>>> print(open('work36.txt').read())   # compact mmCIF, C-alpha atoms and all ligand atoms
# COMPACT_ATOMS: atom_id res chain seq x y z
CA MET A 1 196.89 125.83 -48.22
CA LEU A 2 193.87 123.80 -47.19
CA ASP A 3 192.10 122.01 -50.01
CA PRO A 4 188.42 121.16 -49.40
CA GLY A 5 188.52 118.95 -52.49
CA ARG A 6 190.63 116.22 -50.96
CA SER A 7 190.78 114.08 -47.85
CA ALA A 8 193.24 111.57 -46.51
CA PRO A 9 191.86 108.12 -45.62
CA MET A 10 191.65 107.29 -41.92
CA ASP A 11 193.09 104.08 -40.46
CA ARG A 12 190.99 104.17 -37.34
CA VAL A 13 188.61 106.34 -35.38
CA SER A 14 189.05 107.76 -31.89
CA PRO A 15 186.36 109.19 -29.62
CA SER A 16 187.26 112.74 -30.61
CA SER A 17 187.43 112.00 -34.32
CA LEU A 18 184.12 110.14 -34.04
CA HIS A 19 182.43 113.27 -32.73
CA ALA A 20 184.04 115.30 -35.50
CA LEU A 21 182.83 112.76 -38.09
CA GLU A 22 179.33 113.07 -36.71
CA THR A 23 179.55 116.89 -36.82
CA CYS A 24 181.09 117.54 -40.25
CA ARG A 25 183.24 115.30 -42.41
CA LEU A 26 184.74 118.31 -44.22
CA GLN A 27 185.99 119.62 -40.87
CA VAL A 28 187.70 116.28 -40.29
CA ALA A 29 189.34 116.39 -43.73
CA LEU A 30 190.58 119.96 -43.20
CA GLY A 31 191.75 119.18 -39.70
CA ARG A 32 193.87 116.31 -40.99
CA GLN A 33 195.42 118.60 -43.61
CA SER A 34 196.20 121.33 -41.10
CA THR A 35 197.98 119.11 -38.59
CA GLY A 36 201.18 120.83 -37.61
CA VAL A 37 200.32 124.17 -39.22
CA ALA A 38 202.57 126.59 -37.40
CA ASN A 39 200.32 129.67 -37.41
CA VAL A 40 197.45 128.09 -35.47
CA TRP A 41 197.66 128.95 -31.79
CA ASN A 42 195.14 127.69 -29.29
CA GLY A 43 195.77 129.28 -25.93
CA ARG A 44 193.02 127.53 -23.99
CA ALA A 45 194.17 124.20 -25.33
CA VAL A 46 197.71 125.00 -24.19
CA LEU A 47 196.45 125.70 -20.66
CA GLY A 48 194.38 122.52 -20.76
CA ASP A 49 197.37 120.49 -21.92
CA ALA A 50 199.43 121.92 -19.09
CA CYS A 51 196.84 120.75 -16.55
CA HIS A 52 196.85 117.28 -18.08
CA HIS A 53 200.64 117.16 -17.93
CA VAL A 54 200.63 118.13 -14.25
CA LEU A 55 198.05 115.48 -13.31
CA GLU A 56 199.83 112.86 -15.38
CA ARG A 57 203.12 113.69 -13.65
CA LEU A 58 201.63 113.57 -10.15
CA VAL A 59 200.09 110.14 -10.75
CA THR A 60 203.01 108.64 -12.64
CA ARG A 61 205.54 109.70 -10.03
CA GLY A 62 203.27 108.69 -7.16
CA GLU A 63 203.34 112.24 -5.82
CA ILE A 64 199.54 112.31 -5.77
CA TYR A 65 199.60 109.90 -2.78
CA ALA A 66 202.07 111.97 -0.75
CA SER A 67 201.06 114.27 2.09
CA ASN A 68 202.79 117.20 0.36
CA TRP A 69 201.03 116.59 -2.98
CA GLU A 70 200.06 120.26 -3.26
CA GLY A 71 203.72 121.27 -3.14
CA ALA A 72 204.50 118.78 -5.91
CA LEU A 73 201.61 120.19 -7.91
CA GLY A 74 202.99 123.73 -7.51
CA GLU A 75 206.41 122.66 -8.78
CA ALA A 76 204.92 120.86 -11.75
CA TRP A 77 202.78 123.89 -12.61
CA GLU A 78 205.80 126.23 -12.48
CA GLU A 79 207.56 123.95 -14.94
CA GLU A 80 204.53 124.04 -17.23
CA LEU A 81 204.45 127.86 -17.05
CA ARG A 82 207.99 128.00 -18.37
CA THR A 83 207.13 125.63 -21.21
CA MET A 84 203.97 127.58 -22.08
CA ALA A 85 205.89 130.88 -22.14
CA ALA A 86 208.40 129.42 -24.58
CA GLN A 87 205.62 128.08 -26.83
CA ALA A 88 203.77 131.39 -26.70
CA ALA A 89 206.85 133.36 -27.72
CA ILE A 90 207.09 131.30 -30.91
CA HIS A 91 203.54 132.40 -31.73
CA ARG A 92 204.19 136.04 -30.86
CA VAL A 93 201.95 135.93 -27.79
CA VAL A 94 203.66 138.40 -25.47
CA ASP A 95 201.63 138.06 -22.25
CA ALA A 96 202.99 135.78 -19.53
CA PRO A 97 200.92 132.59 -19.24
CA MET A 98 199.41 133.55 -15.88
CA ARG A 99 197.97 136.67 -17.56
CA TRP A 100 196.21 134.67 -20.25
CA PRO A 101 192.41 134.65 -20.04
CA GLY A 102 191.29 132.13 -17.45
CA ALA A 103 194.81 131.11 -16.39
CA GLU A 104 194.49 131.92 -12.67
CA LEU A 105 191.14 130.20 -12.42
CA THR A 106 192.48 127.17 -14.25
CA ARG A 107 195.36 126.93 -11.78
CA ALA A 108 192.95 127.07 -8.83
CA ARG A 109 190.72 124.41 -10.35
CA LEU A 110 193.70 122.18 -11.04
CA THR A 111 194.15 121.77 -7.29
CA VAL A 112 190.50 120.78 -6.92
CA VAL A 113 190.73 118.16 -9.67
CA ALA A 114 194.01 116.79 -8.32
CA ARG A 115 192.35 116.34 -4.92
CA ARG A 116 189.56 114.36 -6.60
CA VAL A 117 192.06 112.16 -8.39
CA ARG A 118 193.77 111.51 -5.07
CA GLU A 119 190.45 110.48 -3.51
CA LEU A 120 189.59 108.22 -6.44
CA LEU A 121 192.93 106.45 -6.29
CA SER A 122 192.84 106.05 -2.54
CA GLY A 123 189.56 104.14 -2.93
CA ALA A 124 190.85 101.80 -5.64
CA GLY A 125 192.46 99.19 -3.42
CA SER A 126 196.12 98.49 -2.77
CA ASP A 127 196.27 96.03 -5.69
CA ALA A 128 195.03 98.57 -8.22
CA GLU A 129 196.76 98.94 -11.55
CA VAL A 130 196.84 102.64 -12.37
CA LEU A 131 197.61 103.68 -15.93
CA THR A 132 198.01 107.28 -17.08
CA GLU A 133 197.13 108.11 -20.66
CA PRO A 134 196.93 104.49 -21.82
CA THR A 135 196.07 103.88 -25.48
CA LEU A 136 193.37 101.25 -25.90
CA ARG A 137 192.75 99.68 -29.30
CA SER A 138 190.01 97.33 -30.49
CA ARG A 139 191.06 93.90 -31.76
CA ASP A 140 190.15 94.82 -35.35
CA GLY A 141 192.32 97.94 -35.07
CA LEU A 142 189.54 100.27 -36.23
CA LEU A 143 188.86 101.93 -32.88
CA GLU A 144 191.39 103.55 -30.63
CA GLY A 145 191.29 105.88 -27.68
CA ARG A 146 193.71 107.39 -25.23
CA LEU A 147 192.08 108.27 -21.96
CA ASP A 148 193.58 110.26 -19.13
CA LEU A 149 193.39 107.69 -16.37
CA LEU A 150 192.53 104.00 -16.13
CA VAL A 151 192.15 102.27 -12.78
CA ARG A 152 191.90 98.48 -12.59
CA GLY A 153 191.52 97.50 -8.97
CA SER A 154 189.49 95.15 -6.81
CA SER A 155 187.57 98.10 -5.36
CA ARG A 156 187.42 100.29 -8.45
CA HIS A 157 187.53 99.64 -12.18
CA ALA A 158 187.19 103.04 -13.82
CA VAL A 159 187.85 104.95 -17.01
CA ILE A 160 188.41 108.63 -16.25
CA ASP A 161 188.92 111.75 -18.34
CA TYR A 162 189.79 115.29 -17.23
CA LYS A 163 187.96 118.18 -18.88
CA THR A 164 189.02 121.81 -18.74
CA GLY A 165 186.18 123.02 -20.99
CA ALA A 166 182.41 122.93 -20.68
CA THR A 167 181.06 119.44 -20.06
CA VAL A 168 177.34 120.14 -19.80
CA ASP A 169 175.07 120.96 -22.73
CA PRO A 170 173.49 124.31 -21.81
CA THR A 171 170.22 123.36 -23.51
CA SER A 172 169.66 119.93 -21.98
CA GLY A 173 171.62 120.43 -18.77
CA THR A 174 173.14 116.96 -19.23
CA MET A 175 176.59 115.78 -20.25
CA ARG A 176 177.56 116.91 -23.74
CA GLU A 177 176.89 114.22 -26.30
CA ALA A 178 180.51 114.19 -27.42
CA TYR A 179 181.66 113.29 -23.92
CA LEU A 180 179.00 110.65 -23.46
CA THR A 181 180.24 109.07 -26.69
CA GLN A 182 183.81 109.32 -25.50
CA LEU A 183 183.12 107.54 -22.20
CA GLN A 184 181.08 104.84 -23.94
CA LEU A 185 183.90 104.16 -26.40
CA TYR A 186 186.52 104.10 -23.65
CA SER A 187 184.37 101.60 -21.73
CA TYR A 188 183.98 99.47 -24.85
CA LEU A 189 187.71 99.55 -25.57
CA GLU A 190 188.53 98.68 -21.98
CA TRP A 191 186.21 95.69 -22.27
CA GLU A 192 187.93 94.58 -25.48
CA CYS A 193 191.38 95.00 -23.92
CA SER A 194 190.82 93.63 -20.41
CA GLY A 195 187.88 91.29 -20.92
CA SER A 196 185.73 93.02 -18.32
CA TRP A 197 183.57 96.11 -18.35
CA PRO A 198 184.58 99.01 -16.10
CA SER A 199 182.19 99.63 -13.22
CA GLU A 200 182.64 103.39 -13.54
CA ALA A 201 183.13 105.84 -16.40
CA LEU A 202 183.44 109.46 -15.40
CA LEU A 203 184.60 112.92 -16.28
CA LEU A 204 186.50 115.13 -13.87
CA PRO A 205 185.56 118.64 -15.06
CA PHE A 206 187.54 121.69 -14.01
CA ASN A 207 184.37 123.70 -13.51
CA GLY A 208 182.10 121.36 -11.58
CA PRO A 209 181.63 118.05 -9.79
CA PRO A 210 182.49 114.67 -11.34
CA LEU A 211 180.07 113.46 -14.02
CA HIS A 212 179.34 109.72 -14.23
CA ILE A 213 177.59 107.66 -16.90
CA ASP A 214 175.99 104.24 -16.59
CA VAL A 215 178.27 101.72 -18.28
CA ASP A 216 175.64 99.91 -20.34
CA PRO A 217 177.40 97.21 -22.42
CA ILE A 218 174.70 97.21 -25.12
CA ALA A 219 174.80 100.98 -25.57
CA CYS A 220 178.61 101.02 -25.55
CA ALA A 221 178.89 98.23 -28.14
CA SER A 222 176.27 99.94 -30.30
CA ARG A 223 178.28 103.17 -30.22
CA ALA A 224 181.36 101.24 -31.31
CA GLN A 225 179.47 99.83 -34.30
CA GLU A 226 178.32 103.34 -35.25
CA ALA A 227 181.94 104.48 -35.16
CA ARG A 228 182.98 101.68 -37.50
CA ALA A 229 180.17 102.60 -39.91
CA LEU A 230 181.14 106.29 -39.96
CA LEU A 231 184.77 105.41 -40.57
CA ALA A 232 183.75 103.24 -43.52
CA ALA A 233 181.61 106.05 -44.98
CA TYR A 234 184.46 108.54 -44.70
CA ASN A 235 186.96 106.20 -46.33
CA ALA A 236 184.53 105.38 -49.12
CA THR A 237 184.79 109.05 -50.18
CA ALA A 238 188.52 109.59 -49.56
CA PRO A 239 190.73 110.82 -51.15
CA GLY A 240 188.01 112.97 -52.68
CA ALA A 241 186.03 115.80 -51.12
CA GLN A 242 184.11 115.09 -47.94
CA PRO A 243 180.64 116.57 -47.57
CA ALA A 244 180.24 119.74 -45.53
CA SER A 245 177.56 119.85 -42.83
CA PRO A 246 177.24 123.50 -41.86
CA THR A 247 175.25 124.06 -38.68
CA PRO A 248 175.33 126.96 -36.22
CA GLN A 249 176.59 124.74 -33.40
CA GLY A 250 179.17 122.85 -35.47
CA CYS A 251 180.58 125.86 -37.31
CA ALA A 252 180.73 128.01 -34.17
CA TYR A 253 183.59 125.89 -32.84
CA CYS A 254 185.18 125.06 -36.18
CA PRO A 255 188.64 126.56 -36.71
CA PHE A 256 188.08 126.56 -40.48
CA SER A 257 184.92 128.63 -40.65
CA VAL A 258 186.66 131.74 -41.97
CA GLU A 259 187.80 129.96 -45.12
CA CYS A 260 184.97 127.44 -45.48
CA ASP A 261 182.81 128.32 -48.49
CA ALA A 262 180.04 125.99 -47.31
CA PHE A 263 179.82 128.01 -44.12
CA TRP A 264 179.57 131.33 -45.97
CA GLU A 265 176.99 129.97 -48.39
CA THR A 266 174.79 128.81 -45.51
CA VAL A 267 175.23 131.22 -42.61
CA THR A 268 172.39 133.69 -42.04
CA PRO A 269 171.60 136.27 -39.35
CA SER A 270 169.59 133.55 -37.58
CA TRP A 271 172.96 132.02 -36.57
CA ALA A 272 174.02 135.12 -34.67
CA SER A 273 173.44 133.59 -31.25
CA GLU A 274 176.05 130.92 -32.03
CA ILE A 275 178.58 132.69 -34.25
CA LEU A 276 179.05 136.26 -35.48
CA ALA A 277 180.62 136.50 -38.91
CA ALA A 278 180.87 139.11 -41.66
CA GLU A 279 182.03 138.99 -45.27
CA GLY A 280 182.10 141.95 -47.62
CA ALA A 281 184.03 144.73 -49.27
CA VAL A 282 186.52 146.60 -47.13
CA ILE A 283 185.61 150.27 -47.19
CA GLY A 284 188.03 151.56 -44.59
CA VAL A 285 191.18 150.61 -42.70
CA HIS A 286 192.55 152.71 -39.85
CA GLU A 287 195.54 152.10 -37.61
CA SER A 288 195.33 153.42 -34.07
CA GLN A 289 198.18 155.00 -32.12
CA LEU A 290 198.32 151.78 -30.09
CA GLY A 291 199.09 149.82 -33.24
CA THR A 292 195.73 148.09 -33.47
CA VAL A 293 193.76 148.13 -36.71
CA ASN A 294 190.10 148.99 -37.32
CA VAL A 295 188.54 147.46 -40.44
CA GLN A 296 185.24 148.64 -41.85
CA ILE A 297 183.43 146.00 -43.89
CA LEU A 298 180.29 146.46 -45.98
CA ALA A 299 178.77 143.15 -44.89
CA GLU A 300 177.05 141.23 -47.67
CA ARG A 301 177.11 137.75 -46.13
CA GLY A 302 177.36 136.37 -42.65
CA SER A 303 175.34 136.49 -39.46
CA VAL A 304 175.76 140.21 -38.74
CA ALA A 305 173.33 142.75 -40.12
CA ARG A 306 173.90 143.69 -43.77
CA GLY A 307 175.73 146.96 -44.28
CA ASP A 308 178.36 148.78 -42.29
CA CYS A 309 180.27 146.48 -39.93
CA LEU A 310 183.18 147.92 -37.95
CA VAL A 311 185.70 145.43 -36.55
CA ARG A 312 187.73 147.36 -34.01
CA GLY A 313 191.01 146.93 -32.21
CA ILE A 314 192.48 144.05 -34.23
CA ARG A 315 195.94 143.24 -32.94
CA PRO A 316 198.32 142.51 -35.81
CA GLY A 317 200.35 140.40 -33.37
CA GLU A 318 197.38 138.06 -33.22
CA HIS A 319 196.08 138.49 -36.77
CA ALA A 320 198.97 139.50 -39.03
CA VAL A 321 196.67 139.72 -42.03
CA ALA A 322 195.34 142.98 -40.52
CA ASN A 323 198.54 144.67 -41.72
CA ARG A 324 197.77 143.72 -45.31
CA ILE A 325 194.07 144.50 -45.58
CA ALA A 326 193.28 147.50 -47.77
CA PRO A 327 190.13 149.23 -49.03
CA GLY A 328 188.77 147.38 -52.03
CA ASP A 329 189.65 143.94 -50.66
CA THR A 330 186.95 141.46 -49.82
CA ALA A 331 187.43 140.36 -46.22
CA ARG A 332 185.98 137.74 -43.96
CA ALA A 333 185.90 137.78 -40.17
CA THR A 334 184.49 135.05 -37.93
CA ARG A 335 183.87 134.42 -34.24
CA LEU A 336 183.42 138.14 -33.67
CA HIS A 337 182.29 139.62 -30.35
CA LEU A 338 179.58 142.27 -30.38
CA GLU A 339 180.50 145.49 -28.58
CA ALA A 340 176.91 146.32 -27.78
CA ASP A 341 177.61 149.77 -26.37
CA ARG A 342 179.39 150.86 -29.56
CA GLY A 343 177.55 148.83 -32.17
CA SER A 344 180.92 147.53 -33.40
CA TYR A 345 182.70 144.19 -33.18
CA ALA A 346 185.91 142.94 -31.61
CA LEU A 347 188.01 140.20 -33.16
CA PRO A 348 189.24 137.99 -30.32
CA VAL A 349 192.48 136.15 -30.50
CA TRP A 350 190.59 132.96 -31.41
CA GLY A 351 188.68 134.65 -34.23
CA GLY A 352 189.42 134.27 -37.92
CA LEU A 353 190.34 136.99 -40.40
CA MET A 354 191.23 136.63 -44.06
CA ILE A 355 191.35 138.44 -47.35
CA VAL A 356 189.37 136.53 -49.96
CA ASP A 357 191.45 135.53 -52.98
CA GLU A 358 194.70 136.70 -51.47
CA SER A 359 196.28 133.99 -53.55
CA SER A 360 199.88 135.11 -53.46
CA ARG A 361 200.01 135.39 -49.65
CA PRO A 362 199.03 133.17 -46.71
CA SER A 363 195.24 133.31 -46.68
CA VAL A 364 194.50 132.80 -43.03
CA GLU A 365 195.93 134.10 -39.83
CA GLN A 366 194.12 132.44 -37.03
CA THR A 367 194.63 132.10 -33.34
CA SER A 368 192.36 130.29 -30.95
CA TRP A 369 191.74 130.32 -27.21
CA ALA A 370 188.44 128.52 -27.39
CA GLN A 371 187.29 124.94 -27.86
S1 LIG A 401 182.80 125.72 -41.00
FE1 LIG A 401 181.09 124.30 -40.67
S2 LIG A 401 180.73 123.36 -42.69
FE2 LIG A 401 182.75 124.30 -42.76
S3 LIG A 401 184.18 122.69 -42.20
FE3 LIG A 401 183.67 123.78 -40.32
S4 LIG A 401 181.94 122.66 -39.41
FE4 LIG A 401 182.12 122.01 -41.57
>>> encode(input="work36.txt", output="structure tokens", more="lines below")
Ligand code: SF4
Amino acid sequence: MLDPGRSAPMDRVSPSSLHALETCRLQVALGRQSTGVANVWNGRAVLGDACHHVLERLVTRGEIYASNWEGALGEAWEEELRTMAAQAAIHRVVDAPMRWPGAELTRARLTVVARRVRELLSGAGSDAEVLTEPTLRSRDGLLEGRLDLLVRGSSRHAVIDYKTGATVDPTSGTMREAYLTQLQLYSYLEWECSGSWPSEALLLPFNGPPLHIDVDPIACASRAQEARALLAAYNATAPGAQPASPTPQGCAYCPFSVECDAFWETVTPSWASEILAAEGAVIGVHESQLGTVNVQILAERGSVARGDCLVRGIRPGEHAVANRIAPGDTARATRLHLEADRGSYALPVWGGLMIVDESSRPSVEQTSWAQ
């Protein structure tokens, strides 16, 4: 059971934990408590991990340089499919991995990214040191990062990260702040470790062309100091409760929104463009002939309109709590999808569903495909 009243101290901060610290310290505390929780399934992350494994294998084995690199990629992907299927079965996901949302497209894009990696490495010089997934740590031990690819050559000195999700902020049209921070910290760490600044820092997205940043030593060092300051602030509060920072953008991607009281106390209908959520009394539960469950909630809080809120087609295989919900319960549902033609909502596999105060049973069944 997650406890928002406590937090474990952090030894160091990584680029991803830095962004989380900037977003919401409570999310960081809950995330550290939930590490290894067996009922959290993140399908998109599994696909993304598989792509990383394939690229890492091609580079490590030198297959990326070979003329038949696409054949090697196909073999590596088949191996990953078998691993993903086994993982999915543990989480009661019955579809074969290639039928998961976005799987075919991801596979096609993997070939594109692998070709870019091949081009990058071929331009690095014959003396280049190529490291896959190296862990870089600052001399004081407070900053650490593991990037996907590091190239130290006479013709190219580059820190590189692969991205299977969105890399561009839809509002600004520029690289997402979290990824800018990540590349700046990798550049800083590479400077601390090697004694020289990389000449290139770039993302290789799966859905677009490479994205570069200027490696500005002053900006990178400043970001490193900010990270140290945030780490100190977090540890000054641990092991007590960390402050919550509910925002539409932060909570929309937070896996803990369904059970986060700060979220429910803050969310309003004005958040609906970022996250759809409903909390209220359950006034009806109906099981369909297909085995899915429809839950009717009298919404009193959340971002949906107050009143009748029908959440349709919940698959108990994805949200086991649907089998336990009964009229009279108070239920919460987050990350809903509006079914505009029906005026109802769907609960995707990455959504959250819980019965409030279901103290004697697991409170959350949550599965995620999104990040
Ligand atoms: S739901 Fe929002 S406020 Fe709550 S932990 Fe997540 S990001 Fe923080």
>>> residues_near_ligand(input="work36.txt", ligand="ligand LIG 401 (chain A)", cutoff="9 Å", atoms="all atoms listed in the file", output="MDAnalysis selection string")
chainID A and resid 4 20 23:31 243:264 266
>>> closest_residue(input="work36.txt", among="A:Pro134, A:Pro15, A:Gly280, A:Gly307", to="Glu177 in chain A", atoms="all atoms listed in the file")
A:Pro15
>>> residues_around(input="work36.txt", residues="Gly71 in chain A", least_positions_apart="5", cutoff="12 Å", atoms="all atoms listed in the file", output="PyMOL selection string")
chain A and resi 54+58+63-64+66+76-78+111+114
>>> atom_distance(input="work36.txt", atom1="CA of Arg156 in chain A", atom2="CA of Trp197 in chain A")
11.4 Å
>>> axis_aligned_box(input="work36.txt", around="range 181-185 of chain A", padding_each_side="6 Å", output="JSON")
{"center_x": 182.1, "center_y": 106.7, "center_z": -24.4, "size_x": 15.7, "size_y": 17.2, "size_z": 16.5}
>>> residues_near_point(input="work36.txt", point="(180.8, 109.5, -22.8)", cutoff="10 Å", atoms="only C-alpha atoms", output="list in words")
Pro15, Asp161, Met175, Arg176, Glu177, Ala178, Tyr179, Leu180, Thr181, Gln182, Leu183, Gln184, Leu185, Tyr186, Ser187, Ala201, Leu202, Leu203, Leu211, His212, Ile213, Asp214, Val215 and Cys220 of chain A
>>> closest_residue(input="work36.txt", among="A:Ala166, A:Leu336, A:Leu310, A:Leu230", to="Glu274 in chain A", atoms="all atoms listed in the file")
A:Leu336
>>> residues_near_point(input="work36.txt", point="(194.7, 118.5, -47.8)", cutoff="8 Å", atoms="all atoms listed in the file", output="PyMOL selection string")
chain A and resi 1-8+29-30+32-34
>>> closest_residue(input="work36.txt", among="A:Trp350, A:Arg228, A:Val304, A:His19", to="Arg44 in chain A", atoms="all atoms listed in the file")
A:Trp350
>>> atom_distance(input="work36.txt", atom1="CA of His157 in chain A", atom2="CA of Glu200 in chain A")
6.3 Å
>>> residues_around(input="work36.txt", residues="Glu144 in chain A", least_positions_apart="3", cutoff="9 Å", atoms="all atoms listed in the file", output="list of chain:residue names")
A:Arg12, A:Val13, A:Ser14, A:Pro15, A:Thr135, A:Leu136, A:Arg137, A:Ser138, A:Gly141, A:Leu185, A:Tyr186, A:Leu189
>>> write_last_selection(input="work36.txt", atoms="C-alpha atoms", output="compact mmCIF listing (two decimals), in the frame of the given file")
# COMPACT_ATOMS: atom_id res chain seq x y z
CA ARG A 12 190.99 104.17 -37.34
CA VAL A 13 188.61 106.34 -35.38
CA SER A 14 189.05 107.76 -31.89
CA PRO A 15 186.36 109.19 -29.62
CA THR A 135 196.07 103.88 -25.48
CA LEU A 136 193.37 101.25 -25.90
CA ARG A 137 192.75 99.68 -29.30
CA SER A 138 190.01 97.33 -30.49
CA GLY A 141 192.32 97.94 -35.07
CA LEU A 185 183.90 104.16 -26.40
CA TYR A 186 186.52 104.10 -23.65
CA LEU A 189 187.71 99.55 -25.57
>>> closest_residue(input="work36.txt", among="A:Val349, A:Val151, A:Ile160, A:Val113", to="Gly208 in chain A", atoms="all atoms listed in the file")
A:Val113
>>> atom_distance(input="work36.txt", atom1="CA of Val159 in chain A", atom2="CA of Ser122 in chain A")
15.3 Å
>>> closest_residue(input="work36.txt", among="A:Val94, A:Ala103, A:Ala50, A:Ala281", to="Glu318 in chain A", atoms="all atoms listed in the file")
A:Val94
>>> residues_around(input="work36.txt", residues="Thr60 in chain A", least_positions_apart="4", cutoff="10 Å", atoms="only C-alpha atoms", output="PDB file with C-alpha atoms, in the frame of the given file")
ATOM      1  CA  VAL A  54     200.630 118.130 -14.250  1.00  0.00           C
ATOM      2  CA  LEU A  55     198.050 115.480 -13.310  1.00  0.00           C
ATOM      3  CA  GLU A  56     199.830 112.860 -15.380  1.00  0.00           C
ATOM      4  CA  ILE A  64     199.540 112.310  -5.770  1.00  0.00           C
ATOM      5  CA  VAL A 130     196.840 102.640 -12.370  1.00  0.00           C
ATOM      6  CA  LEU A 131     197.610 103.680 -15.930  1.00  0.00           C
ATOM      7  CA  THR A 132     198.010 107.280 -17.080  1.00  0.00           C
ATOM      8  CA  GLU A 133     197.130 108.110 -20.660  1.00  0.00           C
TER       9      GLU A 133
END
>>> closest_residue(input="work36.txt", among="A:Trp271, A:Tyr345, A:Trp191, A:Trp69", to="Ala224 in chain A", atoms="all atoms listed in the file")
A:Trp191
>>> decode(input="work36.txt", residues="range 133-182 of chain A", atoms="C-alpha atoms", output="CSV table (one decimal), in the first residue's frame")
chain,number,residue,atom,x,y,z
A,133,GLU,CA,24.3,2.2,-21.9
A,134,PRO,CA,27.3,3.5,-19.9
A,135,THR,CA,26.6,4.8,-16.4
A,136,LEU,CA,28.2,8.2,-15.8
A,137,ARG,CA,28.6,9.5,-12.3
A,138,SER,CA,29.8,12.9,-11.0
A,139,ARG,CA,32.8,13.0,-8.8
A,140,ASP,CA,30.8,13.9,-5.8
A,141,GLY,CA,28.5,11.0,-6.4
A,142,LEU,CA,25.3,13.1,-6.4
A,143,LEU,CA,24.5,12.9,-10.1
A,144,GLU,CA,24.3,9.9,-12.2
A,145,GLY,CA,22.9,9.0,-15.6
A,146,ARG,CA,22.8,6.1,-17.9
A,147,LEU,CA,22.5,7.1,-21.5
A,148,ASP,CA,21.8,4.8,-24.5
A,149,LEU,CA,25.0,5.5,-26.5
A,150,LEU,CA,28.2,7.3,-26.0
A,151,VAL,CA,30.7,7.8,-28.8
A,152,ARG,CA,34.2,9.1,-28.1
A,153,GLY,CA,36.0,9.4,-31.4
A,154,SER,CA,38.3,11.8,-33.2
A,155,SER,CA,35.5,12.7,-35.6
A,156,ARG,CA,32.6,12.5,-33.2
A,157,HIS,CA,32.2,12.9,-29.5
A,158,ALA,CA,28.5,12.5,-28.8
A,159,VAL,CA,26.0,11.6,-26.1
A,160,ILE,CA,22.9,9.9,-27.7
A,161,ASP,CA,19.5,8.8,-26.4
A,162,TYR,CA,16.8,6.9,-28.2
A,163,LYS,CA,13.2,7.9,-27.6
A,164,THR,CA,10.1,5.9,-28.5
A,165,GLY,CA,7.7,8.5,-27.1
A,166,ALA,CA,6.9,12.1,-28.0
A,167,THR,CA,10.0,14.3,-27.9
A,168,VAL,CA,8.5,17.6,-29.0
A,169,ASP,CA,6.4,19.8,-26.8
A,170,PRO,CA,3.1,20.3,-28.7
A,171,THR,CA,2.7,23.9,-27.4
A,172,SER,CA,6.2,25.2,-28.1
A,173,GLY,CA,7.1,22.9,-31.0
A,174,THR,CA,10.6,22.5,-29.4
A,175,MET,CA,12.3,19.6,-27.6
A,176,ARG,CA,10.5,18.7,-24.4
A,177,GLU,CA,12.1,20.3,-21.4
A,178,ALA,CA,12.7,17.0,-19.7
A,179,TYR,CA,14.8,15.8,-22.6
A,180,LEU,CA,16.7,19.0,-22.9
A,181,THR,CA,17.5,18.6,-19.2
A,182,GLN,CA,18.5,15.0,-19.8
